[in-house]
Amino acid sequence: MEKYMDSFLRAIEGTASWTWKSIIFEVPWYTNYFWGIVVLSVAVWLLEILFPWRKDQAVFRKDFWLDAFYIFFNFFIFAIVISGFYKLLETLFLDVGISMDGLAIVDLTSLPSWAQLLIFFLVLDFVQWFTHVLLHRYEFLWQFHKIHHSVKEMGFAAHMRYHWMENVLYKPLKTFGVMILGGFEPEQAYIVHFSAIAIGHLNHANIKITWGPLKYLLNNSVMHLYHHAYALPENHRYGVNFGISLSLWDYLFKTDFIPEDSGKVPLGFEGDDEVPKHFWGQLLYGFRKHRSKK
């Protein structure tokens with residue numbers, strides 16, 4: 001038991017220390033997620049101000065500051081808290097003979113760096129797309145995902161407004177994706193993570209982006225706006241446009257839907273007025289049955 005407690009505490013201490021070192025610039029700039037996200041967020045926000053898609057939407061849109069807080073809460077504060085539990089599970093799995101490379105079906109180490117990154121990106125993006133579909137498909141999971149869909153005016157920071165339980169749900173499946181890739185992340189994986197965050201910010205931003213012919217590969221703000229649409233097409237009652245970084249999976253699995261690109265789409269879901277408007281209420285939301293959109 002002492003070993004497990006030690007692993008738990010060391011993980012929390014290590015994650016907190018890494019976060020603090022990032023804040024005080026003791027982490028190299030190219031792997032500094034804290035200031036990287038700050039700079040990225042400000043840059044996308046400035047693009048929203050300079051090139052607004054919905055010109056009548058305020059610069060400080062509805063729930064702007066709430067969503068901005070979620071950026072730091074989900075990516076740093078909660079990451080510190082949950083890191084101990086992840087380390088606890090890893091230690092337990094190792095004790096029963098389950099290692100990170102136990103499910104490996106691909107050995108990336110023999111491939112060039114660019115190929116490692118590409119495969120890593122594709123596998124993790126598909127895993128997240130599949131997890132996203134599950135969040136919409138199953139009522140228990142949808143209760144937590146409602147927090148993200150309670151956004152009524154879209155902006156870059158809405159990317160990070162999601163219930164902390166989504167961290168718990170996504171992490172095991174993302175870890176599974178890493179396990180099948182030989183149980184490790186490529187040394188330059190920070191490029192993939194930063195790219196995914198940047199694409200996610202742009203997908204939620206008040207900027208009209210379609211990527212032209214690349215729209216069949218890359219997710220975009222026009223496509224993702226319809227993911228948040230209040231009214232869903234009859235043949236897609238659980239949702240459309242589930243893509244995270246890539247739109248590819250939606251086109252492959254016929255969950256794509258872009259009827260027009262005016263940006264004038266009512267957002268939310270039936271019963272979204274039940275979602276608390278403040279952070280502390282949203283923190284505990286989802287653990288009791290609420291009225292569903294379905």
# chains A, B, ... in the order shown; residues from 1 in each chain; ligands from 1
>>> closest_atom_pairs(of="segment 55-91 of chain A", to="segment 1-21 of chain A", cutoff="10 Å", atoms="only C-alpha atoms", output="Markdown table")
| residue | atom | partner | partner_atom | distance |
| --- | --- | --- | --- | --- |
| A:Phe76 | CA | A:Thr19 | CA | 7.1 |
| A:Ile77 | CA | A:Ala16 | CA | 8.5 |
| A:Ala79 | CA | A:Thr15 | CA | 7.6 |
| A:Ile80 | CA | A:Thr15 | CA | 5.4 |
| A:Val81 | CA | A:Ile12 | CA | 6.4 |
| A:Ile82 | CA | A:Ile12 | CA | 7.7 |
| A:Ser83 | CA | A:Ile12 | CA | 5.6 |
| A:Gly84 | CA | A:Phe8 | CA | 4.1 |
| A:Phe85 | CA | A:Phe8 | CA | 6.3 |
| A:Tyr86 | CA | A:Phe8 | CA | 8.2 |
| A:Lys87 | CA | A:Phe8 | CA | 6.0 |
| A:Leu88 | CA | A:Phe8 | CA | 5.6 |
| A:Leu89 | CA | A:Tyr4 | CA | 9.0 |
| A:Glu90 | CA | A:Ser7 | CA | 9.4 |
| A:Thr91 | CA | A:Tyr4 | CA | 7.0 |
>>> residues_around(residues="segment 200-212 of chain A", least_positions_apart="3", cutoff="7 Å", atoms="only C-alpha atoms", output="ChimeraX atom specification")
/A:44,48,51-54,154-159,196-197,215,219-222,224,244-245
>>> write_last_selection(atoms="C-alpha atoms", output="CSV table (one decimal), in the first residue's frame")
chain,number,residue,atom,x,y,z
A,44,VAL,CA,-6.8,33.1,-32.2
A,48,GLU,CA,-11.7,36.6,-34.1
A,51,PHE,CA,-11.9,38.7,-39.0
A,52,PRO,CA,-15.2,38.0,-37.3
A,53,TRP,CA,-17.5,35.5,-39.0
A,54,ARG,CA,-20.6,36.5,-36.9
A,154,MET,CA,-19.2,30.1,-30.2
A,155,GLY,CA,-15.6,31.3,-29.7
A,156,PHE,CA,-12.2,29.8,-29.4
A,157,ALA,CA,-12.3,29.3,-25.6
A,158,ALA,CA,-15.4,27.1,-26.0
A,159,HIS,CA,-13.0,24.5,-27.1
A,196,ALA,CA,-4.5,19.5,-32.1
A,197,ILE,CA,-5.0,22.3,-29.6
A,215,LYS,CA,-12.2,20.3,-45.9
A,219,ASN,CA,-12.0,19.8,-39.4
A,220,ASN,CA,-13.1,23.4,-39.6
A,221,SER,CA,-15.2,26.0,-37.9
A,222,VAL,CA,-18.1,25.8,-40.4
A,224,HIS,CA,-17.9,22.2,-36.2
A,244,ILE,CA,-11.6,16.6,-33.5
A,245,SER,CA,-8.7,17.6,-35.7
>>> closest_residue(among="A:Arg161, A:Lys62, A:Lys174, A:His236", to="His136 of chain A", atoms="only C-alpha atoms")
A:His236
>>> atom_distance(atom1="atom CA of Leu283 of chain A", atom2="atom CA of Val39 of chain A")
26.4 Å
>>> closest_residue(among="A:His149, A:Ile37, A:Pro186, A:Asp272", to="Tyr226 of chain A", atoms="only C-alpha atoms")
A:His149
>>> closest_residue(among="A:Val178, A:Val133, A:Val192, A:Leu122", to="Leu217 of chain A", atoms="only C-alpha atoms")
A:Leu122
>>> residues_around(residues="Ser22 of chain A", least_positions_apart="5", cutoff="9 Å", atoms="only C-alpha atoms", output="PyMOL selection string")
chain A and resi 17+27-29+31-35
>>> atom_distance(atom1="atom CA of His228 of chain A", atom2="atom CA of Leu40 of chain A")
22.6 Å
>>> select_by_dssp(residues="segment 66-241 of chain A", states="alpha helix (DSSP H)", output="PyMOL selection string")
chain A and resi 66-72+78-95+113-137+139-149+164-180+189-204+221-227
>>> write_last_selection(atoms="C-alpha atoms", output="CSV table (one decimal), in the first residue's frame")
chain,number,residue,atom,x,y,z
A,66,LEU,CA,-16.1,31.2,-17.9
A,67,ASP,CA,-14.7,29.4,-21.0
A,68,ALA,CA,-11.3,31.1,-20.5
A,69,PHE,CA,-11.2,29.7,-17.0
A,70,TYR,CA,-11.9,26.2,-18.3
A,71,ILE,CA,-8.8,26.4,-20.4
A,72,PHE,CA,-6.6,26.6,-17.3
A,78,PHE,CA,-7.4,19.1,-13.1
A,79,ALA,CA,-4.4,17.5,-14.8
A,80,ILE,CA,-2.5,17.9,-11.5
A,81,VAL,CA,-5.3,16.4,-9.4
A,82,ILE,CA,-5.9,13.4,-11.7
A,83,SER,CA,-2.3,12.6,-12.4
A,84,GLY,CA,-2.0,10.7,-9.1
A,85,PHE,CA,-4.9,8.4,-10.0
A,86,TYR,CA,-3.4,7.7,-13.4
A,87,LYS,CA,-0.1,6.8,-11.9
A,88,LEU,CA,-1.9,4.6,-9.3
A,89,LEU,CA,-3.6,2.6,-12.1
A,90,GLU,CA,-0.3,2.3,-14.1
A,91,THR,CA,1.4,0.9,-11.0
A,92,LEU,CA,-1.4,-1.5,-10.4
A,93,PHE,CA,-1.4,-2.7,-14.0
A,94,LEU,CA,2.3,-3.3,-13.9
A,95,ASP,CA,1.9,-5.4,-10.7
A,113,SER,CA,10.3,10.8,-37.1
A,114,TRP,CA,7.8,12.2,-39.6
A,115,ALA,CA,6.2,8.8,-40.0
A,116,GLN,CA,6.0,8.2,-36.2
A,117,LEU,CA,4.3,11.6,-35.8
A,118,LEU,CA,1.8,11.0,-38.6
A,119,ILE,CA,0.8,7.6,-37.3
A,120,PHE,CA,0.6,8.8,-33.8
A,121,PHE,CA,-1.6,11.7,-34.9
A,122,LEU,CA,-3.9,9.6,-37.0
A,123,VAL,CA,-4.4,6.9,-34.3
A,124,LEU,CA,-5.0,9.4,-31.5
A,125,ASP,CA,-7.4,11.5,-33.6
A,126,PHE,CA,-9.5,8.4,-34.5
A,127,VAL,CA,-9.6,7.3,-30.9
A,128,GLN,CA,-10.8,10.7,-29.9
A,129,TRP,CA,-13.4,10.8,-32.7
A,130,PHE,CA,-14.7,7.4,-31.6
A,131,THR,CA,-14.8,8.6,-27.9
A,132,HIS,CA,-16.7,11.7,-29.0
A,133,VAL,CA,-19.3,9.6,-30.8
A,134,LEU,CA,-19.7,7.6,-27.6
A,135,LEU,CA,-20.3,10.8,-25.6
A,136,HIS,CA,-23.3,11.5,-27.8
A,137,ARG,CA,-24.6,8.0,-28.2
A,139,GLU,CA,-27.1,8.8,-22.2
A,140,PHE,CA,-24.8,8.5,-19.2
A,141,LEU,CA,-21.9,10.0,-21.1
A,142,TRP,CA,-24.1,12.6,-22.8
A,143,GLN,CA,-25.0,14.0,-19.4
A,144,PHE,CA,-21.4,15.1,-18.9
A,145,HIS,CA,-20.9,16.2,-22.5
A,146,LYS,CA,-23.8,18.6,-22.2
A,147,ILE,CA,-21.5,21.1,-20.5
A,148,HIS,CA,-19.6,21.5,-23.7
A,149,HIS,CA,-22.8,21.8,-25.7
A,164,TRP,CA,-13.9,17.2,-16.0
A,165,MET,CA,-15.3,13.7,-16.4
A,166,GLU,CA,-14.4,13.9,-20.1
A,167,ASN,CA,-10.8,13.9,-19.1
A,168,VAL,CA,-11.4,10.7,-17.2
A,169,LEU,CA,-13.2,9.2,-20.2
A,170,TYR,CA,-10.8,10.2,-22.9
A,171,LYS,CA,-7.6,9.4,-21.1
A,172,PRO,CA,-8.0,5.6,-20.9
A,173,LEU,CA,-8.8,5.3,-24.6
A,174,LYS,CA,-6.0,7.6,-25.6
A,175,THR,CA,-3.7,5.5,-23.5
A,176,PHE,CA,-5.0,2.4,-25.3
A,177,GLY,CA,-4.1,4.1,-28.6
A,178,VAL,CA,-0.5,4.7,-27.3
A,179,MET,CA,-0.3,1.1,-26.2
A,180,ILE,CA,-1.0,-0.3,-29.6
A,189,ALA,CA,4.8,14.4,-29.8
A,190,TYR,CA,4.4,17.9,-28.5
A,191,ILE,CA,4.1,18.9,-32.2
A,192,VAL,CA,1.0,16.7,-32.5
A,193,HIS,CA,-0.5,18.0,-29.2
A,194,PHE,CA,0.0,21.7,-30.0
A,195,SER,CA,-1.4,21.1,-33.5
A,196,ALA,CA,-4.5,19.5,-32.1
A,197,ILE,CA,-5.0,22.3,-29.6
A,198,ALA,CA,-4.6,24.9,-32.4
A,199,ILE,CA,-7.0,23.2,-34.7
A,200,GLY,CA,-9.5,22.8,-31.8
A,201,HIS,CA,-9.3,26.5,-31.1
A,202,LEU,CA,-9.8,27.4,-34.7
A,203,ASN,CA,-12.7,25.0,-35.0
A,204,HIS,CA,-14.5,26.8,-32.2
A,221,SER,CA,-15.2,26.0,-37.9
A,222,VAL,CA,-18.1,25.8,-40.4
A,223,MET,CA,-18.3,22.0,-40.0
A,224,HIS,CA,-17.9,22.2,-36.2
A,225,LEU,CA,-20.5,24.9,-35.8
A,226,TYR,CA,-23.1,22.4,-37.0
A,227,HIS,CA,-21.9,19.9,-34.5
